[in-house]
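Raw coords_9.cif, mmCIF, C-alpha atoms and all ligand atoms:
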data_work
loop_
_atom_site.label_atom_id
_atom_site.label_comp_id
_atom_site.auth_asym_id
_atom_site.auth_seq_id
_atom_site.Cartn_x
_atom_site.Cartn_y
_atom_site.Cartn_z
CA MET W 1 -2.42 10.80 -18.82
CA PRO W 2 0.15 9.72 -16.25
CA LEU W 3 0.54 6.02 -15.67
CA GLU W 4 -1.30 4.42 -12.79
CA PHE W 5 0.53 1.99 -10.57
CA THR W 6 -0.22 -0.27 -7.68
CA LYS W 7 2.06 -2.48 -5.58
CA SER W 8 2.50 -6.23 -5.59
CA THR W 9 2.42 -7.99 -2.23
CA LYS W 10 6.22 -7.91 -2.39
CA GLY W 11 6.19 -4.14 -2.89
CA LYS W 12 7.00 -4.06 -6.60
CA ASP W 13 5.34 -1.55 -8.94
CA GLN W 14 2.52 -2.95 -11.03
CA LEU W 15 0.96 -1.10 -13.96
CA VAL W 16 -2.80 -0.55 -13.88
CA HIS W 17 -4.38 0.00 -17.29
CA ASP W 18 -7.96 -0.40 -18.61
CA GLY W 19 -8.95 -2.45 -15.56
CA PHE W 20 -6.03 -4.86 -15.84
CA ILE W 21 -2.91 -5.24 -13.71
CA PHE W 22 0.52 -5.94 -15.18
CA ASN W 23 3.87 -7.02 -13.79
CA LYS W 24 7.04 -5.57 -15.23
CA ASP W 25 8.56 -8.00 -17.72
CA TYR W 26 11.63 -6.14 -19.00
CA ALA W 27 12.86 -2.74 -20.18
CA LYS W 28 14.50 -2.13 -23.52
CA SER W 29 15.43 0.99 -25.54
CA GLY W 30 13.65 3.31 -23.10
CA LYS W 31 10.42 1.30 -23.23
CA THR W 32 9.02 -0.94 -20.53
CA TYR W 33 7.26 -4.19 -21.36
CA TRP W 34 4.56 -5.47 -19.03
CA LYS W 35 2.72 -8.78 -18.80
CA CYS W 36 -0.71 -9.32 -17.31
CA VAL W 37 -0.56 -10.65 -13.72
CA ASN W 38 -2.61 -13.60 -14.96
CA TYR W 39 0.15 -14.69 -17.35
CA ILE W 40 0.59 -17.68 -15.03
CA ASP W 41 -2.89 -18.77 -16.19
CA ARG W 42 -1.75 -18.30 -19.81
CA CYS W 43 -3.25 -14.82 -20.24
CA LYS W 44 -1.64 -13.16 -23.26
CA GLY W 45 -2.48 -9.58 -22.23
CA ARG W 46 0.61 -7.35 -22.58
CA ALA W 47 1.29 -3.61 -22.39
CA HIS W 48 4.19 -1.41 -23.44
CA THR W 49 4.94 1.94 -21.87
CA ASP W 50 7.16 4.76 -22.97
CA GLY W 51 7.72 7.40 -20.32
CA GLU W 52 4.32 8.43 -19.04
CA ARG W 53 2.29 6.78 -21.80
CA VAL W 54 0.89 3.35 -22.59
CA ILE W 55 1.86 2.94 -26.26
CA HIS W 56 0.49 -0.56 -26.76
CA HIS W 57 -2.04 -2.85 -25.07
CA SER W 58 -2.62 -6.26 -26.59
CA ASP W 59 -6.11 -6.59 -25.24
CA ASN W 60 -6.40 -10.33 -25.56
CA HIS W 61 -6.86 -11.21 -21.91
CA ASN W 62 -8.45 -14.56 -21.14
CA HIS W 63 -10.44 -13.05 -18.26
CA VAL W 64 -12.62 -10.05 -17.41
CA PRO W 65 -11.11 -6.79 -16.09
CA GLN W 66 -9.95 -6.98 -12.48
CA ALA W 67 -11.80 -3.98 -11.07
CA ALA W 68 -12.39 -5.61 -7.69
CA LEU W 69 -8.74 -6.63 -7.37
CA ILE W 70 -7.60 -3.11 -8.28
CA ASP W 71 -10.01 -1.65 -5.70
CA SER W 72 -8.81 -4.06 -3.05
CA LYS W 73 -5.20 -3.08 -3.73
CA LYS W 74 -6.15 0.58 -3.32
CA VAL W 75 -7.87 -0.23 -0.02
CA MET W 76 -4.80 -2.13 1.20
CA ALA W 77 -2.51 0.74 0.16
CA LYS W 78 -4.64 3.18 2.18
CA ILE W 79 -4.67 0.84 5.20
CA LYS W 80 -0.87 0.53 5.07
CA GLU W 81 -0.43 4.28 4.72
CA LYS W 82 -2.71 5.00 7.69
CA ALA W 83 -1.03 2.32 9.80
CA ALA W 84 2.28 4.15 9.42
CA THR W 85 1.05 7.73 9.72
CA ASN W 86 -2.17 7.77 11.73
CA ILE W 87 -0.99 6.60 15.13
CA GLU W 88 -4.09 7.70 17.02
CA MET W 89 -6.28 5.20 15.15
CA THR W 90 -6.41 1.58 16.29
CA PRO W 91 -5.89 -1.21 13.70
CA GLN W 92 -9.60 -2.01 14.11
CA GLN W 93 -10.60 1.59 13.30
CA ILE W 94 -8.28 1.80 10.29
CA VAL W 95 -9.59 -1.42 8.77
CA ALA W 96 -13.22 -0.45 9.47
CA THR W 97 -12.82 3.06 7.98
CA GLU W 98 -11.01 1.97 4.83
CA THR W 99 -13.27 -0.98 4.04
CA ALA W 100 -16.52 0.93 4.68
CA GLY W 101 -18.56 1.26 1.48
CA THR W 102 -16.48 -1.13 -0.61
CA SER W 103 -18.42 -3.35 -3.00
CA GLN W 104 -19.16 -7.01 -2.30
CA ALA W 105 -16.84 -7.89 -5.17
CA THR W 106 -13.97 -5.97 -3.60
CA VAL W 107 -14.63 -7.46 -0.17
CA GLY W 108 -14.45 -10.83 -1.91
CA VAL W 109 -10.83 -10.32 -2.91
CA LEU W 110 -9.68 -8.40 0.18
CA PRO W 111 -7.79 -10.38 2.83
CA SER W 112 -9.78 -11.31 5.96
CA VAL W 113 -10.34 -8.61 8.59
CA THR W 114 -7.99 -10.50 10.92
CA ALA W 115 -5.26 -10.54 8.27
CA MET W 116 -5.75 -6.82 7.55
CA LYS W 117 -5.49 -5.97 11.25
CA LYS W 118 -2.32 -8.06 11.51
CA THR W 119 -0.83 -6.17 8.55
CA THR W 120 -1.69 -2.88 10.27
CA GLN W 121 -0.04 -3.99 13.52
CA ARG W 122 3.09 -5.20 11.72
CA ILE W 123 3.51 -1.89 9.87
CA ARG W 124 2.91 0.08 13.05
CA ARG W 125 5.54 -1.90 14.94
CA ALA W 126 8.03 -1.28 12.15
CA ALA W 127 7.19 2.44 12.06
CA GLU W 128 7.56 2.76 15.82
CA ALA W 129 10.79 0.79 16.01
CA PRO W 130 13.39 3.44 16.89
CA PHE W 131 16.19 1.95 14.86
CA ALA W 132 17.46 -1.32 13.51
CA ARG W 133 18.29 -3.68 16.33
CA PRO W 134 22.02 -3.39 16.98
CA THR W 135 23.97 -6.63 16.97
CA SER W 136 26.79 -5.58 19.27
CA LEU W 137 27.36 -3.22 22.18
CA THR W 138 29.78 -1.13 20.11
CA GLU W 139 27.00 -0.29 17.61
CA LEU W 140 24.51 1.06 20.16
CA ASP W 141 23.69 4.69 19.49
CA ILE W 142 21.45 6.17 22.15
CA GLN W 143 19.84 9.39 20.99
CA PRO W 144 17.03 11.56 22.39
CA PRO W 145 14.23 10.87 23.24
CA TYR W 146 15.79 7.66 24.63
CA THR W 147 18.20 9.61 26.83
CA MET W 148 15.29 11.42 28.53
CA THR W 149 12.52 10.51 30.95
CA SER W 150 8.89 10.82 29.86
CA SER W 151 8.82 14.14 31.72
CA ASN W 152 11.77 15.32 29.61
CA GLN W 153 14.49 15.19 32.24
CA SER W 154 17.95 13.99 31.36
CA PHE W 155 18.11 10.26 32.14
CA LEU W 156 21.22 8.83 30.50
CA LEU W 157 23.77 9.65 33.17
CA TRP W 158 26.79 7.92 31.72
CA ASP W 159 27.60 6.04 28.54
CA SER W 160 31.02 4.44 28.40
CA GLY W 161 30.93 5.19 24.66
CA ALA W 162 30.34 3.69 21.21
CA GLY W 163 33.20 1.39 20.33
CA ASP W 164 33.45 0.03 23.89
CA ARG W 165 32.99 -3.73 23.66
CA ASN W 166 32.20 -3.80 27.38
CA ARG W 167 29.69 -1.00 27.12
CA ILE W 168 28.14 0.34 30.30
CA LEU W 169 25.05 2.57 30.40
CA VAL W 170 23.94 4.27 33.60
CA PHE W 171 20.52 5.88 33.89
CA SER W 172 19.24 8.20 36.60
CA THR W 173 17.84 11.67 37.09
CA GLU W 174 19.24 14.62 38.99
CA ARG W 175 16.48 14.31 41.57
CA ASN W 176 17.22 10.60 42.05
CA LEU W 177 20.89 11.39 42.60
CA GLU W 178 20.01 14.02 45.18
CA LEU W 179 17.87 11.45 46.99
CA LEU W 180 20.67 8.94 46.81
CA ALA W 181 23.24 11.44 48.06
CA SER W 182 21.02 12.31 51.01
CA ARG W 183 20.76 8.60 51.98
CA ASN W 184 24.34 7.64 51.26
CA SER W 185 24.71 5.45 54.30
CA HIS W 186 21.88 3.15 53.22
CA TRP W 187 22.43 2.16 49.62
CA MET W 188 21.65 -1.26 48.28
CA ALA W 189 22.48 -2.75 44.94
CA ASP W 190 20.62 -5.52 43.21
CA GLY W 191 21.53 -7.25 39.97
CA THR W 192 18.92 -8.93 37.82
CA PHE W 193 19.74 -10.97 34.77
CA LYS W 194 16.31 -11.91 33.49
CA THR W 195 15.14 -8.38 32.68
CA ALA W 196 18.38 -7.14 31.10
CA PRO W 197 17.76 -6.09 27.50
CA PRO W 198 19.45 -8.04 24.68
CA LEU W 199 23.25 -7.54 24.44
CA PHE W 200 23.51 -6.66 28.14
CA ALA W 201 24.11 -9.32 30.77
CA GLN W 202 22.60 -7.58 33.73
CA LEU W 203 20.54 -4.70 35.02
CA LEU W 204 22.06 -3.43 38.24
CA THR W 205 19.90 -1.13 40.32
CA ILE W 206 21.01 1.04 43.22
CA HIS W 207 18.32 1.55 45.82
CA ALA W 208 17.85 3.76 48.85
CA ILE W 209 15.34 3.56 51.65
CA ILE W 210 13.00 6.51 51.49
CA PHE W 211 10.08 6.70 53.93
CA ASN W 212 10.61 3.04 54.81
CA THR W 213 10.37 1.99 51.18
CA VAL W 214 13.19 0.63 49.06
CA ILE W 215 13.26 2.70 45.88
CA PRO W 216 15.46 2.08 42.83
CA LEU W 217 17.23 5.31 41.89
CA VAL W 218 20.03 4.38 39.51
CA TYR W 219 19.88 1.77 36.75
CA ALA W 220 23.07 0.42 35.22
CA LEU W 221 23.17 -1.87 32.18
CA LEU W 222 26.28 -4.02 32.40
CA PRO W 223 27.86 -6.21 29.71
CA ASN W 224 28.91 -9.03 32.07
CA LYS W 225 29.44 -9.85 35.74
CA THR W 226 33.20 -9.51 35.89
CA LYS W 227 35.02 -7.80 38.73
CA ASP W 228 36.51 -5.38 36.23
CA THR W 229 33.08 -4.19 35.14
CA TYR W 230 31.91 -3.57 38.71
CA LYS W 231 35.15 -1.72 39.35
CA ARG W 232 34.66 0.50 36.31
CA LEU W 233 31.10 1.26 37.38
CA ILE W 234 32.08 2.13 40.95
CA GLU W 235 35.00 4.27 39.81
CA GLN W 236 32.84 6.18 37.36
CA GLN W 237 30.05 6.66 39.89
CA SER W 238 32.36 7.88 42.60
CA THR W 239 34.44 10.24 40.45
CA GLN W 240 31.75 11.72 38.21
CA THR W 241 28.40 11.22 39.84
CA PHE W 242 29.42 11.66 43.45
CA PRO W 243 32.70 13.58 43.50
CA GLN W 244 31.98 14.66 47.10
CA ALA W 245 31.75 11.04 48.17
CA SER W 246 35.04 10.09 46.55
CA LYS W 247 36.79 12.96 48.37
CA ARG W 248 35.41 11.68 51.61
CA TYR W 249 36.81 8.19 51.06
CA ASP W 250 40.22 9.28 49.82
ZN ZN P 301 -4.84 -10.73 -18.46
#
How would this structure read if it were set down as structure tokens?
Ligand SMILES: [Zn+2]
Amino acid sequence: MPLEFTKSTKGKDQLVHDGFIFNKDYAKSGKTYWKCVNYIDRCKGRAHTDGERVIHHSDNHNHVPQAALIDSKKVMAKIKEKAATNIEMTPQQIVATETAGTSQATVGVLPSVTAMKKTTQRIRRAAEAPFARPTSLTELDIQPPYTMTSSNQSFLLWDSGAGDRNRILVFSTERNLELLASRNSHWMADGTFKTAPPLFAQLLTIHAIIFNTVIPLVYALLPNKTKDTYKRLIEQQSTQTFPQASKRYD
């Protein structure tokens, strides 16, 4: 019979055998030696495994089998799995579904509903996080779908490139650029510093007046507010985004 395992709260494998749970003690000569999780309370229960078999269980535990604890660990494992894979279910639904029908004894050792929902939310946030948070502008790697709009149009217009310590990102759509080009005598730019994402110093937006409304059409993330950065942005915009305009101002 294959070995049965569960996870500790820190994510380590724990052996489940005959209703008891064991932590790994040490491995030697191809065998693994396990001690009952209650060893802290002086339980002397130990188990030895060799490959897929339990070859020894010193059944001298100072407590009854931990069926409820094992059940609760199974429930928690299911909740964690669903949190990561079943995105259409709310944390409330996941916790309610997985705890339905569990015994009073199991409920007794499960964390509170609030704690289980928090665990679900934490796992979901981690699963949805696109990538590890970069610590510098040179490390940023913008890949689809983050280069696209929600309607699947190309949105990342210009990226000054990985490795650039003064990284500039410009976002817009083809349609927005057409609108901007058609209103090129009435452009406005506005820099905001509060809403710039981490690592960037400012979000610069270029607006045009369309049907008497000021509409942001281009979004540029800038690393600082130096003259050099503005110059780079304007040069890039005029040579690549609006080549017609640059010809006109030659
Ligand atoms: Zn024990």
Q | Expected answer as a ChimeraX atom specification: residues within 10 Å of ligand ZN 301 (chain P), all atoms listed in the file | A | /W:19-22,35-46,58-66
Q. So how many Å separate CA of Ala201 in chain W and CA of Leu222 in chain W, to one decimal?
A. 6.0 Å
Q | Pick from W:Pro144, W:Pro91, W:Pro198, W:Pro223 nearest to Lys118 in chain W, counting all atoms listed in the file | A |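 Closest residue, counting all atoms listed in the file: W:Pro91.
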Q: List the neighbours of Val16 in chain W out to 12 Å using all atoms listed in the file; skip same-chain residues closer than 2 positions along the sequence, and give me the result as a ChimeraX atom specification.
A: /W:2-8,13-14,18-24,34-37,46-49,53-54,57,65-67,69-71,73-74
Q: For range 161-176 of chain W, please output as a PyMOL selection string all residues within 7 Å (counting only C-alpha atoms; exclusion window: fewer than 4 positions along the same chain).
A: chain W and resi 137-141+153-157+180+217-223
Q | Close residues, Ala208 in chain W itself excluded, 9 Å, only C-alpha atoms, min 5 positions apart in chain, as a ChimeraX atom specification | A | /W:179-180,183-189,213-217
Reconstruct N, CA and C atoms of range 214-234 of chain W from the incomplete input and present them as a short mmCIF file (atom, residue, chain, number, x, y, z; two decimals), in the coordinates of the input.
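rebuild12.cif written:
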data_model
loop_
_atom_site.label_atom_id
_atom_site.label_comp_id
_atom_site.auth_asym_id
_atom_site.auth_seq_id
_atom_site.Cartn_x
_atom_site.Cartn_y
_atom_site.Cartn_z
N VAL W 214 11.98 0.76 49.87
CA VAL W 214 13.19 0.63 49.06
C VAL W 214 12.85 1.10 47.64
N ILE W 215 13.57 2.12 47.19
CA ILE W 215 13.26 2.70 45.88
C ILE W 215 14.49 2.65 44.97
N PRO W 216 14.32 2.08 43.76
CA PRO W 216 15.46 2.08 42.83
C PRO W 216 15.68 3.49 42.28
N LEU W 217 16.93 3.94 42.30
CA LEU W 217 17.23 5.31 41.89
C LEU W 217 18.20 5.40 40.72
N VAL W 218 19.06 4.39 40.61
CA VAL W 218 20.03 4.38 39.51
C VAL W 218 19.93 3.01 38.84
N TYR W 219 19.96 3.02 37.51
CA TYR W 219 19.88 1.77 36.75
C TYR W 219 21.13 1.67 35.88
N ALA W 220 21.86 0.58 36.03
CA ALA W 220 23.07 0.42 35.22
C ALA W 220 22.92 -0.85 34.37
N LEU W 221 23.17 -0.70 33.07
CA LEU W 221 23.17 -1.87 32.18
C LEU W 221 24.62 -2.30 32.02
N LEU W 222 24.90 -3.54 32.40
CA LEU W 222 26.28 -4.02 32.40
C LEU W 222 26.46 -5.16 31.40
N PRO W 223 27.63 -5.22 30.77
CA PRO W 223 27.86 -6.21 29.71
C PRO W 223 28.16 -7.61 30.24
N ASN W 224 28.54 -7.72 31.50
CA ASN W 224 28.91 -9.03 32.07
C ASN W 224 28.92 -8.91 33.59
N LYS W 225 29.39 -9.95 34.27
CA LYS W 225 29.44 -9.85 35.74
C LYS W 225 30.88 -9.93 36.24
N THR W 226 31.81 -9.42 35.46
CA THR W 226 33.20 -9.51 35.89
C THR W 226 33.52 -8.43 36.93
N LYS W 227 34.55 -8.72 37.69
CA LYS W 227 35.02 -7.80 38.73
C LYS W 227 35.42 -6.46 38.09
N ASP W 228 36.05 -6.57 36.92
CA ASP W 228 36.51 -5.38 36.23
C ASP W 228 35.35 -4.43 35.88
N THR W 229 34.24 -5.02 35.48
CA THR W 229 33.08 -4.19 35.14
C THR W 229 32.52 -3.48 36.37
N TYR W 230 32.40 -4.21 37.47
CA TYR W 230 31.91 -3.57 38.71
C TYR W 230 32.85 -2.44 39.13
N LYS W 231 34.15 -2.71 38.96
CA LYS W 231 35.15 -1.72 39.35
C LYS W 231 35.01 -0.45 38.50
N ARG W 232 34.83 -0.67 37.20
CA ARG W 232 34.66 0.50 36.31
C ARG W 232 33.43 1.30 36.71
N LEU W 233 32.35 0.59 37.01
CA LEU W 233 31.10 1.26 37.38
C LEU W 233 31.29 2.07 38.66
N ILE W 234 31.91 1.45 39.65
CA ILE W 234 32.08 2.13 40.95
C ILE W 234 33.01 3.33 40.79
#
